[in-house]
Each structure stands twice: as structure tokens, then as C-alpha cells.
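Before any comments, here is the structure.
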Amino acid sequence: MEPNLANGCEGLPLRGRVGGGRLFKGNLGKWLGVEYLQAAASRTKIYSINNEDVHATDGICKTMVEKQGYACQEHLVTTQDGYILSMQRIPKGQSGEVPDKPPVLLQHGLLMDGITWMLNPPDQSLAFILADNGFDVWLANTRGTRYSRGHTTLSPNKSAYWDWSWDQLVAYDLSATFQYVSDQTGQKLHYVGHSLGTLIALAAFSQEKLVNMLRSAALLSPIAYLNQMSSLLARTAVDIFLAEDLYWLGVYEFDPRGEAVAKLLEAICNKPGIDCTDLMTSFTGQNCCLNSSNSDVFLEHEPQSTATKNMIHIAQMVRNGNIAMFDYDDKDKNMEHYGQPTPPAYNMTNIPNDLPLFLSYGGKDMLSDVNDVQVLLDSLKDHDGDKLVVQFREDYAHADFVMAVNAKQAVYDPLMAFFKLQ
């Protein structure tokens, strides 16, 4: 039986199931008050059912690319389950020369969007660096982010719109963007993922999906196994079953800028041992090489929304130490969706051994922890030696891979050299 991925969270038995049957699995209800969170949930933002309004007026091309002197095209891609995704194409560098290298698809991480790759000046931002080096650059924006909130039938103010986790990003978003770039260019593509963008790629590759359209993949801050994650702030959110409680309270959109999430973050930050004076460091680790003057650019565009169900799925990975499909915490529901009582696993050893992979990870990263990355590398031990390049940066944390001022020399130049060999 094929897993039923389209039904999303319908019937998700969260109330009183996870965490010993308590109505609230942690202290969230006590800290914040049920009434507060339910009121915050009712103030969900209303958006057009399609992307046309926001897409036409202030899309990523206009706000981030063209003002830097680069040509840019806006594209819309519709997934098989009806989500309308925004993509941007930077077809050539500042010189205006026609690209002489294959397309590259850039996939951002959790709570981010395609602007991830352009937060620094052009000579420090991967999207522009690739374009200036002759690559045909494509930016993906996953469902639920600012420029990908469209759907053929659903509006983001409806709970059904948010009935998905990263399983659906694997099954629908990633396959749609891969196919679109392949169709538009007539070429196989290179892929670059950061954080969650690596997880969904690894999951797809483990099912031998998309590899027929792929030249190679570069995975920055690779996420596969998460149970040794050392971010105290993130672990606390997992331990108090934060996402599960939010879902039960009717907060289906996990909006980092929303009142509910802001309030609960404030509560977590009051716990002993958690320092929130620098939130990025508390979440990601001590990034070595960020330009503090770029913080305004970051905060203007990020962070972005995701589904609360997606956050539940990631929390399950932290607790269980495996890479599996979403667990409905109910054998009957799992049987309904997957045809078996437990969620199917994504087996990393099934990734084709001849698939060219470039992995880069950091010693200070508290989300993509070095011990978890080692478990991933152990699962790739039979990979063809000439097809796997592993780079370790002792001083890098999670955000350095997309925002460090020296990332071009430290990571992107080796990455492009790897691409050119494939």
C-alpha cells in the first residue's frame, strides 16, 4: 500500500495521547494560558487564494535580485496536491553573458525562504556567486512561505491548508520544482540544500526519486538524524511538546512572527539555563562569521511560516532518533495512511552509491550536530569514494553556511569546483 500523503493531519490524535495522556504535554498551557493561545490562533492572517497579488507587487525578483543589477524571472509551479509555489530564476550574472553551465536549484531550510541565498552582498551570497560563475540559478520557496501561499482551492486561513509536514515537501514540492527546472532548461540540474533542504533531498534520494534529473547535490548543514541535537532552546521546545499543544489549540500555522509563538518563546526564554539575548546563537550555535549589519536585512524578510504539523514531525525525529514518515501516534491512523502500524522509514543506505554528493558541516552547529552528521556519514560508508566529498568547518555553525562573510572562500568555491567535475 502506498502511503497516503495527501490527507495531511486529518484526525491527528494529539489531545492527551503523546506525553502520558495529559491534556497539555508540557507546561505550555500553564505558562501561556489556553485563552491567550486560542485568541492568538484566531488572528490568522488572511491571504489571497493564489499568489498573484503578492507575487506581482513585491516578489523576490523585485525586492532582492533586480536591485542588485541582475536579471530575474518569476515563475509559478503547482504541485500535484494543489499548492502554488513561487520560484525565481537568475538566468545570467551581472556581466549579462549567457550561462555556460547547468542549472542549479537552491532549496532553503526551515522557517526560511529563497531569500536565504541573498542576505549578504552579491559577492558573498551563493545565488549571485553561482550566477556570476556561469550557472543558471533557480530559487525554490516551499509551501506556506510568503511568496508560496497560493493553492488551487484552499486559503491559508483554513486549517486544511496547513495539513502537511516535510513528507509532503518530499513527495510534492521537491518533485515539482525539480521537474519544472528540468522541463524549462532541458538539462539535469545541480542541487544545493541547507538544513531542512538537505533532509527532504536525502529522503527523496533514499527512495531513488529525482536522481534521474540530478547531476549532483550539495548539502550544507545536513539534517538527517536529530536526536543528538545540542540546541537547548530547540530541545526545550521539543521536551515540552510545544508543537503538539499548539496544534491541539488550533494553531495550525507555525508563524515565528505571530503572537502565539512569540509568547511561548518568551516563556521558554525564562527557563533556567536558556539565554535568549542572542536568539540565533541560542538556536543555531555560535556562528563565527556573520556580519551584524545584515541583521536588518534578515529581519525584514525572515523568519517565515511553516505548518505546525511540520514542527511536530521534526520533534518526533528528535525524540525517536530516526528518519521516518509522520507518526500519527495511533496504529489505526498509521494503518490508514501507510498500510502498516508504524510510519515507514527513510533508509539512508538506499541512496544510490554513485550519486555525487558534497556534504559540508560545522563544529559549532547545534542543529546539525557533528554526532548526528557522523551517523549519516556512517550510513553512507559504502558510497563510491570518488562520488562523496565531505567538508568539515570547525568554526562554522548553522547560519554560517548561508550568511558567513567568508563562505565564498570557505564553502562555495569548493562547492562550485565539485559541481564542475560532475
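By convention here, the chains of the C-alpha cells are called A, B, ... in the order presented, each chain's residues are numbered starting at 1, and ligands are numbered starting at 1 in the order presented.
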Item to check | Every residue of segment 284-415 of chain A that DSSP places in alpha helix (DSSP H), as a ChimeraX atom specification | outcome: /A:284,295-301,308-320,331-338,370-379,400-403,407,413-415
Next on the checklist: Env of Leu415 of chain A: 10 Å cut, atoms = only C-alpha atoms, seq-sep filter 4 positions within chain, self excluded. Answer as a ChimeraX atom specification.
Outcome noted: /A:192,217-220,358-360,389,391,408-411,419-420
Checklist entry - Which residues come within 8 Å of segment 115-118 of chain A, counting only C-alpha atoms, excluding same-chain residues fewer than 5 positions away, as number ranges by chain? => result A: 60, 64, 106, 108, 125-128, 301, 402-403
Close residues, Lys387 of chain A itself excluded, 9 Å, only C-alpha atoms, min 4 positions apart in chain, as a compact mmCIF listing (two decimals) with N, CA and C atoms, in the first residue's frame:
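Listing of around.txt after writing:
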# COMPACT_ATOMS: atom_id res chain seq x y z
N ASN A 353 24.72 4.68 -4.50
CA ASN A 353 26.13 4.87 -4.15
C ASN A 353 26.91 5.69 -5.16
N ASP A 354 26.36 5.81 -6.37
CA ASP A 354 27.08 6.56 -7.40
C ASP A 354 26.53 7.98 -7.57
N LEU A 355 25.67 8.42 -6.65
CA LEU A 355 25.13 9.78 -6.71
C LEU A 355 26.16 10.76 -6.16
N PRO A 356 26.62 11.73 -6.95
CA PRO A 356 27.63 12.67 -6.46
C PRO A 356 27.08 13.56 -5.34
N LEU A 357 27.70 13.51 -4.17
CA LEU A 357 27.27 14.27 -3.01
C LEU A 357 28.42 15.08 -2.43
N PHE A 358 28.11 16.33 -2.09
CA PHE A 358 29.04 17.22 -1.39
C PHE A 358 28.38 17.59 -0.07
N HIS A 383 29.28 4.39 0.00
CA HIS A 383 29.18 5.29 -1.15
C HIS A 383 30.49 5.26 -1.95
Checklist entry - atom CA of Ile312 of chain A and atom CA of Glu244 of chain A, how far apart in Å? => result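 Atom-to-atom, atom CA of Glu244 of chain A to atom CA of Ile312 of chain A, that is 6.1 Å.
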Checklist entry - With only C-alpha atoms as the basis for distance, which of A:Leu119, A:Lys92, A:Leu279, A:Asp330 is at the shortest distance from Glu300 of chain A? => result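 Selected residue with least distance to Glu300 of chain A: A:Leu119.
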Next on the checklist: Need to verify the contact set: Ala171 of chain A, 8 Å, only C-alpha atoms, exclusion of same-chain residues closer than 3 positions in sequence. Can you return it as number ranges by chain?
Outcome noted: A: 5, 167-168, 174-175, 204
Next on the checklist: Would you pick out the contacts of Pro91 of chain A at 10 Å or less, using only C-alpha atoms, so that residues sharing its chain but fewer than 4 positions from it are not included, and give the list as a list in words?
Outcome noted: Tyr70, Ala71, Cys72, Gln73, Gly96, Glu97, Val98, Pro99, Pro103, Ala131, Asp132, Gly134, Phe135, Asp136, Val137 and Trp138 of chain A
Put those residues in a file: N, CA, C and O atoms, as a compact mmCIF listing (two decimals), in the first residue's frame.
# COMPACT_ATOMS: atom_id res chain seq x y z
N TYR A 70 20.91 42.31 -11.40
CA TYR A 70 20.81 41.00 -12.05
C TYR A 70 19.45 40.86 -12.72
O TYR A 70 18.43 41.34 -12.19
N ALA A 71 19.43 40.20 -13.87
CA ALA A 71 18.16 39.83 -14.49
C ALA A 71 17.49 38.77 -13.63
O ALA A 71 18.15 37.97 -12.97
N CYS A 72 16.16 38.77 -13.64
CA CYS A 72 15.43 37.82 -12.80
C CYS A 72 14.06 37.54 -13.40
O CYS A 72 13.41 38.44 -13.94
N GLN A 73 13.63 36.31 -13.30
CA GLN A 73 12.32 35.89 -13.79
C GLN A 73 11.53 35.27 -12.65
O GLN A 73 12.08 34.49 -11.87
N GLY A 96 25.99 39.81 -17.85
CA GLY A 96 25.00 39.64 -18.91
C GLY A 96 25.32 38.50 -19.86
O GLY A 96 24.55 38.23 -20.79
N GLU A 97 26.42 37.82 -19.64
CA GLU A 97 26.79 36.71 -20.52
C GLU A 97 25.84 35.53 -20.30
O GLU A 97 25.43 35.25 -19.17
N VAL A 98 25.52 34.84 -21.39
CA VAL A 98 24.65 33.67 -21.31
C VAL A 98 25.36 32.57 -20.52
O VAL A 98 26.55 32.33 -20.74
N PRO A 99 24.68 31.92 -19.57
CA PRO A 99 25.34 30.90 -18.75
C PRO A 99 25.86 29.74 -19.59
O PRO A 99 25.21 29.31 -20.55
N PRO A 103 21.87 24.20 -14.85
CA PRO A 103 21.04 24.84 -13.82
C PRO A 103 21.38 24.34 -12.43
O PRO A 103 21.81 23.19 -12.25
N ALA A 131 25.48 32.63 -10.23
CA ALA A 131 25.11 33.30 -11.48
C ALA A 131 26.34 33.94 -12.13
O ALA A 131 26.53 33.85 -13.35
N ASP A 132 27.17 34.60 -11.33
CA ASP A 132 28.37 35.25 -11.87
C ASP A 132 29.41 34.25 -12.35
O ASP A 132 30.34 34.62 -13.07
N GLY A 134 28.51 31.59 -14.12
CA GLY A 134 28.01 30.94 -15.32
C GLY A 134 26.94 29.89 -15.12
O GLY A 134 26.58 29.19 -16.06
N PHE A 135 26.40 29.78 -13.88
CA PHE A 135 25.33 28.81 -13.64
C PHE A 135 23.97 29.48 -13.84
O PHE A 135 23.80 30.68 -13.64
N ASP A 136 22.99 28.68 -14.25
CA ASP A 136 21.60 29.09 -14.40
C ASP A 136 20.91 28.83 -13.06
O ASP A 136 20.64 27.68 -12.72
N VAL A 137 20.63 29.87 -12.29
CA VAL A 137 20.24 29.73 -10.88
C VAL A 137 18.73 29.78 -10.71
O VAL A 137 18.05 30.69 -11.21
N TRP A 138 18.20 28.80 -9.96
CA TRP A 138 16.78 28.72 -9.65
C TRP A 138 16.59 28.68 -8.14
O TRP A 138 17.27 27.92 -7.45
Item to check | Which of A:Asp365, A:Asp386, A:Glu66, A:Asp296 sits closest to Leu226 of chain A [using only C-alpha atoms] | outcome: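 Between A:Asp365, A:Asp386, A:Glu66, A:Asp296, the residue approaching Leu226 of chain A most closely is A:Asp365.
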Next on the checklist: Report, in Å to a single decimal, how far apart atom CA of Ser305 of chain A and atom CA of Glu253 of chain A are.
Outcome noted: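 These atoms are spaced 6.7 Å apart.
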Checklist entry - Looking at A:Arg215, A:Pro343, A:Lys67, A:Val77, which one is nearest to Gly150 of chain A, with distances taken over only C-alpha atoms? => result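 Residue with the minimum atom-to-atom distance to Gly150 of chain A: A:Val77.
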Next on the checklist: Among segment 193-369 of chain A, which ones does DSSP assign to strand (DSSP E) (computed from the backbone)? Answer as an NGL selection string.
Outcome noted: :A and (193-194 or 214-220 or 253-254 or 306-307 or 357-362)
